[in-house]
Structures are given as structure tokens and as C-alpha cells.
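J.: Quick one: this structure, given as C-alpha cells, is what I'll be asking you about.
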Amino acid sequence: MTVHPSPIGPLTLLSRGGVLTHLDMEDQAHVADVPATARRDDASFAEVTRQLDEYFAGERTTFEVPVHLDGTEFQRSVWTQLCAIPYGTTISYGELARRVGNPKASRAVGLANGRNPVAVIVPCHRVIAGDGSLGGYGGGLDRKTHLLDLERAPRS
């Protein structure tokens with residue numbers, strides 16, 4: 001595990017077998033239980049923290065980090081679709097439900113979205129309400145706004 005500073009606060013990263021399993025924000029709604037045996041190992045997370053730093057600096061639009069997403073089949077299908085939302089764009093919960101093949105499941109996709117274990121890298125912040133409002137965000141609406149503003153900013 002490691003804790004990495006970011007513009008949205010400290011990010012706690014967990015891995016298993018060298019594969020990222022969690023990226024949690026401080027005071028996030030759903031966080032991973034850190035195993036009692038977990039030890040800080042910043043070197044093991046050097047690549048993911050480098051990519052996060054590039055993202056927050058506006059220099060990276062996609063991540064090339066192996067992740068393992070533990071969840072139900074439905075949750076994993078939602079998280080897979082999140083990864084298909086292009087940088088700088090948003091979709092509605094209803095559209096996400098259509099993309100997972102269940103157009104009436106916008107509430108269920110919202111719940112799955114909130115259980116995303118690898119926030120930022122699996123971009124759950126790119127899902128908004130059908131009326132254009134932000135909807136919810138397990139990391140807090142201030143963070144969601146920050147991430148969306150970052151992605152909408154002109155790139156050099």
C-alpha cells in the first residue's frame with residue numbers, strides 16, 4: 001500500500017500481486033479495508049503514482065495501469081463501461097444503464113458506480129444525472145467537480 005498526495009487529497013492505493021485493487025480518497029463513502037498485514041511500499045506504486053501525477057497535471061488522458069476489480073458481474077460490467085467514457089466527456093446514469101444492456105437500471109448502475117474500487121483511473125466521475133446536474137459521488141461533489149473541470153480544461 002501507499003498513500004499518495006494529489007490535488008483532491010491523499011489517495012490510498014492497494015494492490016495484490018502487483019496489480020492495483022483499490023484507489024481510495026480520504027473520507028470516501030466506500031473504502032477498502034486495509035489488511036492488518038499491509039505495509040507501506042511506495043516503490044511498488046511508482047508507475048501508478050507517476051501516471052496519476054501526469055493526469056492531475058493535465059498531461060495524461062488515459063491510464064495504462066493493470067487493475068483488478070472485485071465485484072459482482074453486474075458491477076464489473078458497469079466499471080468496464082466507465083472505462084469506455086472518453087476523457088473530458090460525461091454520460092448520464094441512464095445512458096450507462098443502456099450501455100450495460102439494462103436501460104431501466106439507472107439506479108442500479110448508480111449504486112455500482114459508487115462501489116467502484118479504483119476511482120479516478122476507472123472514471124466514475126464522468127457519470128452525471130440525466131438533467132445535467134452532477135448527481136452523486138462517493139468522494140464528494142467537490143472532488144467530482146475538480147476532476148471534471150480538470151478534464152474540460154484546454155490542453156496544451
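Lettering and numbering for the C-alpha cells are positional, with chains as A, B, ... in the shown order, residues counted from 1 in each chain, and ligands counted from 1 in the shown order.
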Using only C-alpha atoms, what does the table of segment 8-74 of chain A residues within 10 Å of segment 108-113 of chain A look like, with each row giving the shortest atom pair and its distance in Å to one decimal, sorted by chain and ascending number, as a Markdown table?

T.:
```
| residue | atom | partner | partner_atom | distance |
| --- | --- | --- | --- | --- |
| A:Gly71 | CA | A:Ala112 | CA | 8.9 |
| A:Thr72 | CA | A:Ala112 | CA | 9.1 |
| A:Phe74 | CA | A:Ala112 | CA | 7.8 |
```

J.: Let me see the file: selected residues, C-alpha atoms, as a short mmCIF file (atom, residue, chain, number, x, y, z; two decimals), in the first residue's frame.

T.:
```cif
data_model
loop_
_atom_site.label_atom_id
_atom_site.label_comp_id
_atom_site.auth_asym_id
_atom_site.auth_seq_id
_atom_site.Cartn_x
_atom_site.Cartn_y
_atom_site.Cartn_z
CA GLY A 71 -17.28 -7.12 -7.61
CA THR A 72 -20.39 -8.77 -8.94
CA PHE A 74 -23.09 -6.51 -12.95
#
```

J.: Would you mind listing what lies within 6 Å of segment 83-91 of chain A as a list in words, with only C-alpha atoms counted and same-chain residues fewer than 3 positions away left out?

T.: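 What passes the distance filter is Thr61, Thr80, Val122, Arg126, Val127, Glu151 and Arg152 of chain A.
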
J.: Identify all residues of segment 9-76 of chain A in strand (DSSP E or B) (DSSP on the backbone) and supply them as an MDAnalysis selection string.

T.: chainID A and resid 11:16 19:25 67

J.: With only C-alpha atoms as the basis for distance, which of A:Gly139, A:Ala129, A:Asp33, A:Arg60 is at the shortest distance from Leu11 of chain A?

T.: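 Checking each of A:Gly139, A:Ala129, A:Asp33, A:Arg60 against Leu11 of chain A, counting only C-alpha atoms, the winner is A:Gly139.
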
J.: Nearest to Asp70 of chain A: which of A:Arg155, A:His22, A:His125, A:His146 is it, counting only C-alpha atoms?

T.: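 Ranked by minimum distance to Asp70 of chain A, first place goes to A:His22.
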
J.: Can you work out the spacing between atom CA of Thr2 of chain A and atom CA of Phe45 of chain A in Å, to one decimal?

T.: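 So the two atoms, atom CA of Thr2 of chain A and atom CA of Phe45 of chain A, lie 7.1 Å apart.
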